[in-house]
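*Asks:* Questions regarding the structure given below will be posed in turn.
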Amino acid sequence: MKEIKKFGLIGRNIDYSFSRSYFTDKFNSSEKHSNCEYINFDIQSINQVDFIFSQKNLFGLNVTIPYKEDIINYLDEVDDLANEIGAVNTICFENQKKIGYNTDFTGFIKTLEINSLDNFDSVLILGSGGASKTVEYYCKKNNVSYKVVSRHKKKNYISYEEINKDLLNNSILIVNCTPVGTFPNVNFSPDLPYDLINDSSIFFDLVYNPKETLFMKKGKRIGCRTINGYQMLKFQADESWNLWQSSKK
């Protein structure tokens, strides 16, 4: 009998997650990977991550909300890109070391490219967690003007109350990096002054379940282009798989 190779997702309240079904389908469709399984490691505190790392035959992990930043303290190494971004969403096991990577960045760029999303003047990043750091890094690398909106007052962030007409005057790429609107809480959306947003803006919701969030519906009513997080999720998952395949355990 073949040894089972374990992969999985670290997060909190992740029953809805795309990753498990995506990778399970991938494994089931290939005889070569029939000995692989993908597990949801649903933990209430990052302190529980050592239990996950103690699992036998662990070959790769993804990391999602709310642990993309906190996980860094539990790793042996972090690659340069993930270190610059300040967030990890993929873990490889190489030579008995836990090494963190960020494949969200690749997923974000590829999603912008295939949807020809380049006709915006600035970016409004909703949320200040790990996903938002990826978008912020993209803006810095490409000299794109941006603001980070957070419920928690921090240096260089603005509050939702501070969003005004001047900020929303031009064509804005508004990226929802929060879990607001995720199933089952589908009747919620980020607290924006939607009446001030013009129809040349773009609503990009990193949430993918439901397929069309309330945030996207509000954007559509204004006349804005809308996109959900499914493509980005798929791109980052494929990049994670490439990393796991090339790592030497």
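A note on labels: chains of the structure tokens are A, B, ... as shown, every chain counts residues from 1, and ligands are counted from 1 in their shown order.
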Can you pull out every residue from region 16-142 of chain A that DSSP, working from the backbone, puts in helix (DSSP H, G or I), and format the result as number ranges by chain?

*Replies:* A: 18-28, 31-33, 46-53, 70-74, 80-85, 104-114, 130-141

*Asks:* Among region 69-206 of chain A, which residues carry a DSSP assignment of strand (DSSP E), reported as a ChimeraX atom specification?

*Replies:* /A:77-78,90-94,97-101,122-126,145-149,157-158,172-176,202-205

*Asks:* Can you pull out every residue within 10 Å of Ile52 (chain A), counting only C-alpha atoms, but drop anything in the same chain fewer than 2 positions away, and send it as a ChimeraX atom specification?

*Replies:* /A:8,10,41-43,48-50,54-56,58,61

*Asks:* From the options A:Ser128, A:Asn73, A:Asn57, A:Asn209, which residue's atoms come nearest to Phe93 (chain A), counting only C-alpha atoms?

*Replies:*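 So, comparing all the options, the nearest one is A:Asn57.
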
*Asks:* Which polymer residues have any atom within 9 Å of an atom of region 115-123 of chain A, counting only C-alpha atoms, with same-chain residues fewer than 6 positions away left out, as a VMD selection string?

*Replies:* chain A and resid 135 to 136 139 144 to 148 170 to 175 200 to 202 227

*Asks:* Just to be explicit: take each residue in the selection above, keep N, CA, C and O atoms, and write the result as a CSV table (one decimal), in the first residue's frame.

*Replies:*
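Contents of the output file out-v4.csv:
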chain,number,residue,atom,x,y,z
A,135,VAL,N,-1.6,43.0,-1.9
A,135,VAL,CA,-2.1,44.0,-2.8
A,135,VAL,C,-1.2,45.3,-2.6
A,135,VAL,O,-0.9,46.0,-3.5
A,136,GLU,N,-0.9,45.6,-1.3
A,136,GLU,CA,-0.1,46.8,-1.0
A,136,GLU,C,1.3,46.6,-1.6
A,136,GLU,O,1.8,47.6,-2.2
A,139,CYS,N,1.1,47.4,-5.3
A,139,CYS,CA,1.0,48.8,-5.5
A,139,CYS,C,2.4,49.5,-5.4
A,139,CYS,O,2.8,50.3,-6.2
A,144,VAL,N,1.8,52.5,-8.0
A,144,VAL,CA,0.4,52.8,-8.0
A,144,VAL,C,0.0,53.4,-6.7
A,144,VAL,O,0.3,52.9,-5.6
A,145,SER,N,-0.7,54.5,-6.8
A,145,SER,CA,-1.2,55.2,-5.6
A,145,SER,C,-2.2,54.4,-4.9
A,145,SER,O,-3.1,53.8,-5.6
A,146,TYR,N,-2.2,54.3,-3.6
A,146,TYR,CA,-3.1,53.4,-2.9
A,146,TYR,C,-3.4,53.9,-1.5
A,146,TYR,O,-2.6,54.7,-0.9
A,147,LYS,N,-4.5,53.5,-0.9
A,147,LYS,CA,-4.8,53.7,0.5
A,147,LYS,C,-5.3,52.4,1.1
A,147,LYS,O,-6.0,51.6,0.4
A,148,VAL,N,-4.9,52.1,2.3
A,148,VAL,CA,-5.3,50.9,3.1
A,148,VAL,C,-6.4,51.4,4.1
A,148,VAL,O,-6.1,52.3,4.8
A,170,ASN,N,-11.7,59.5,-8.9
A,170,ASN,CA,-11.2,59.0,-10.2
A,170,ASN,C,-11.6,57.5,-10.3
A,170,ASN,O,-12.4,57.0,-9.6
A,171,SER,N,-11.0,56.8,-11.3
A,171,SER,CA,-11.2,55.4,-11.5
A,171,SER,C,-10.4,54.7,-10.4
A,171,SER,O,-9.2,54.7,-10.4
A,172,ILE,N,-11.1,54.0,-9.5
A,172,ILE,CA,-10.5,53.3,-8.4
A,172,ILE,C,-10.6,51.8,-8.5
A,172,ILE,O,-11.7,51.3,-8.8
A,173,LEU,N,-9.6,51.1,-8.3
A,173,LEU,CA,-9.7,49.6,-8.1
A,173,LEU,C,-9.9,49.4,-6.6
A,173,LEU,O,-9.0,49.7,-5.8
A,174,ILE,N,-11.1,48.9,-6.2
A,174,ILE,CA,-11.4,48.7,-4.8
A,174,ILE,C,-11.3,47.2,-4.6
A,174,ILE,O,-12.0,46.4,-5.1
A,175,VAL,N,-10.3,46.8,-3.7
A,175,VAL,CA,-10.1,45.4,-3.5
A,175,VAL,C,-10.5,45.1,-2.1
A,175,VAL,O,-10.0,45.6,-1.1
A,200,SER,N,-16.7,54.3,-13.2
A,200,SER,CA,-15.4,53.9,-13.9
A,200,SER,C,-14.5,53.1,-13.0
A,200,SER,O,-13.5,52.6,-13.4
A,201,SER,N,-15.0,52.9,-11.7
A,201,SER,CA,-14.2,52.1,-10.8
A,201,SER,C,-14.5,50.6,-11.0
A,201,SER,O,-15.4,50.2,-11.7
A,202,ILE,N,-13.6,49.8,-10.3
A,202,ILE,CA,-13.6,48.3,-10.4
A,202,ILE,C,-13.7,47.8,-9.0
A,202,ILE,O,-13.0,48.1,-8.1
A,227,ILE,N,-15.4,41.7,-10.1
A,227,ILE,CA,-14.8,40.4,-10.3
A,227,ILE,C,-14.6,39.7,-8.9
A,227,ILE,O,-14.4,40.5,-7.9

*Asks:* Just the number, please: distance in Å from CA of Trp244 (chain A) to CA of Phe108 (chain A), one decimal.

*Replies:*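 Spanning CA of Trp244 (chain A) to CA of Phe108 (chain A) is a straight-line distance of 19.7 Å.
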
*Asks:* Using only C-alpha atoms, which of A:Asp205, A:Glu212, A:Glu239, A:Glu94 sits nearest Ala131 (chain A)?

*Replies:*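 Between A:Asp205, A:Glu212, A:Glu239, A:Glu94, the residue approaching Ala131 (chain A) most closely is A:Asp205.
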
*Asks:* Quick one: contact table of region 55-153 of chain A to region 178-198 of chain A, 10 Å max, nearest atom pair and distance in Å to one decimal per residue, counting only C-alpha atoms, chain and number order, as CSV?

*Replies:*
residue,atom,partner,partner_atom,distance
A:Ile65,CA,A:Pro179,CA,8.1
A:Pro66,CA,A:Pro179,CA,9.6
A:Ile125,CA,A:Thr178,CA,9.3
A:Leu126,CA,A:Thr178,CA,6.5
A:Gly127,CA,A:Thr178,CA,5.2
A:Ser128,CA,A:Thr178,CA,8.0
A:Gly129,CA,A:Thr178,CA,7.7
A:Gly130,CA,A:Thr178,CA,9.7
A:Ala131,CA,A:Thr178,CA,8.1
A:Ser132,CA,A:Thr178,CA,8.2
A:Ser150,CA,A:Thr178,CA,9.5

*Asks:* Store the residues picked out above, limited to N, CA, C and O atoms, as a PDB file, in the first residue's frame.

*Replies:*
ATOM      1  N   ILE A  65      -6.887  33.138   6.146  1.00  0.00           N
ATOM      2  CA  ILE A  65      -7.331  34.032   7.215  1.00  0.00           C
ATOM      3  C   ILE A  65      -7.572  33.246   8.497  1.00  0.00           C
ATOM      4  O   ILE A  65      -8.187  32.178   8.434  1.00  0.00           O
ATOM      5  N   PRO A  66      -7.088  33.696   9.650  1.00  0.00           N
ATOM      6  CA  PRO A  66      -6.391  34.963   9.905  1.00  0.00           C
ATOM      7  C   PRO A  66      -4.915  34.782  10.233  1.00  0.00           C
ATOM      8  O   PRO A  66      -4.349  35.575  10.999  1.00  0.00           O
ATOM      9  N   ILE A 125      -7.569  49.618  -0.758  1.00  0.00           N
ATOM     10  CA  ILE A 125      -7.420  48.273  -0.198  1.00  0.00           C
ATOM     11  C   ILE A 125      -8.226  48.190   1.088  1.00  0.00           C
ATOM     12  O   ILE A 125      -7.940  48.895   2.064  1.00  0.00           O
ATOM     13  N   LEU A 126      -9.245  47.340   1.089  1.00  0.00           N
ATOM     14  CA  LEU A 126     -10.108  47.193   2.259  1.00  0.00           C
ATOM     15  C   LEU A 126      -9.580  46.066   3.135  1.00  0.00           C
ATOM     16  O   LEU A 126      -9.539  44.908   2.720  1.00  0.00           O
ATOM     17  N   GLY A 127      -9.157  46.411   4.350  1.00  0.00           N
ATOM     18  CA  GLY A 127      -8.601  45.425   5.267  1.00  0.00           C
ATOM     19  C   GLY A 127      -7.100  45.580   5.391  1.00  0.00           C
ATOM     20  O   GLY A 127      -6.434  46.120   4.493  1.00  0.00           O
ATOM     21  N   SER A 128      -6.563  45.109   6.508  1.00  0.00           N
ATOM     22  CA  SER A 128      -5.127  45.279   6.762  1.00  0.00           C
ATOM     23  C   SER A 128      -4.446  43.978   7.146  1.00  0.00           C
ATOM     24  O   SER A 128      -3.379  43.974   7.758  1.00  0.00           O
ATOM     25  N   GLY A 129      -5.057  42.833   6.780  1.00  0.00           N
ATOM     26  CA  GLY A 129      -4.477  41.528   7.096  1.00  0.00           C
ATOM     27  C   GLY A 129      -3.489  41.067   6.038  1.00  0.00           C
ATOM     28  O   GLY A 129      -2.990  41.850   5.228  1.00  0.00           O
ATOM     29  N   GLY A 130      -3.224  39.758   6.033  1.00  0.00           N
ATOM     30  CA  GLY A 130      -2.224  39.188   5.136  1.00  0.00           C
ATOM     31  C   GLY A 130      -2.518  39.390   3.667  1.00  0.00           C
ATOM     32  O   GLY A 130      -1.622  39.689   2.874  1.00  0.00           O
ATOM     33  N   ALA A 131      -3.782  39.239   3.269  1.00  0.00           N
ATOM     34  CA  ALA A 131      -4.144  39.401   1.853  1.00  0.00           C
ATOM     35  C   ALA A 131      -3.926  40.839   1.400  1.00  0.00           C
ATOM     36  O   ALA A 131      -3.469  41.094   0.282  1.00  0.00           O
ATOM     37  N   SER A 132      -4.251  41.790   2.267  1.00  0.00           N
ATOM     38  CA  SER A 132      -4.093  43.199   1.899  1.00  0.00           C
ATOM     39  C   SER A 132      -2.623  43.551   1.704  1.00  0.00           C
ATOM     40  O   SER A 132      -2.280  44.400   0.881  1.00  0.00           O
ATOM     41  N   SER A 150      -8.771  50.424   7.239  1.00  0.00           N
ATOM     42  CA  SER A 150      -8.817  49.433   8.312  1.00  0.00           C
ATOM     43  C   SER A 150      -9.739  49.878   9.433  1.00  0.00           C
ATOM     44  O   SER A 150      -9.892  51.069   9.697  1.00  0.00           O
TER      45      SER A 150
END
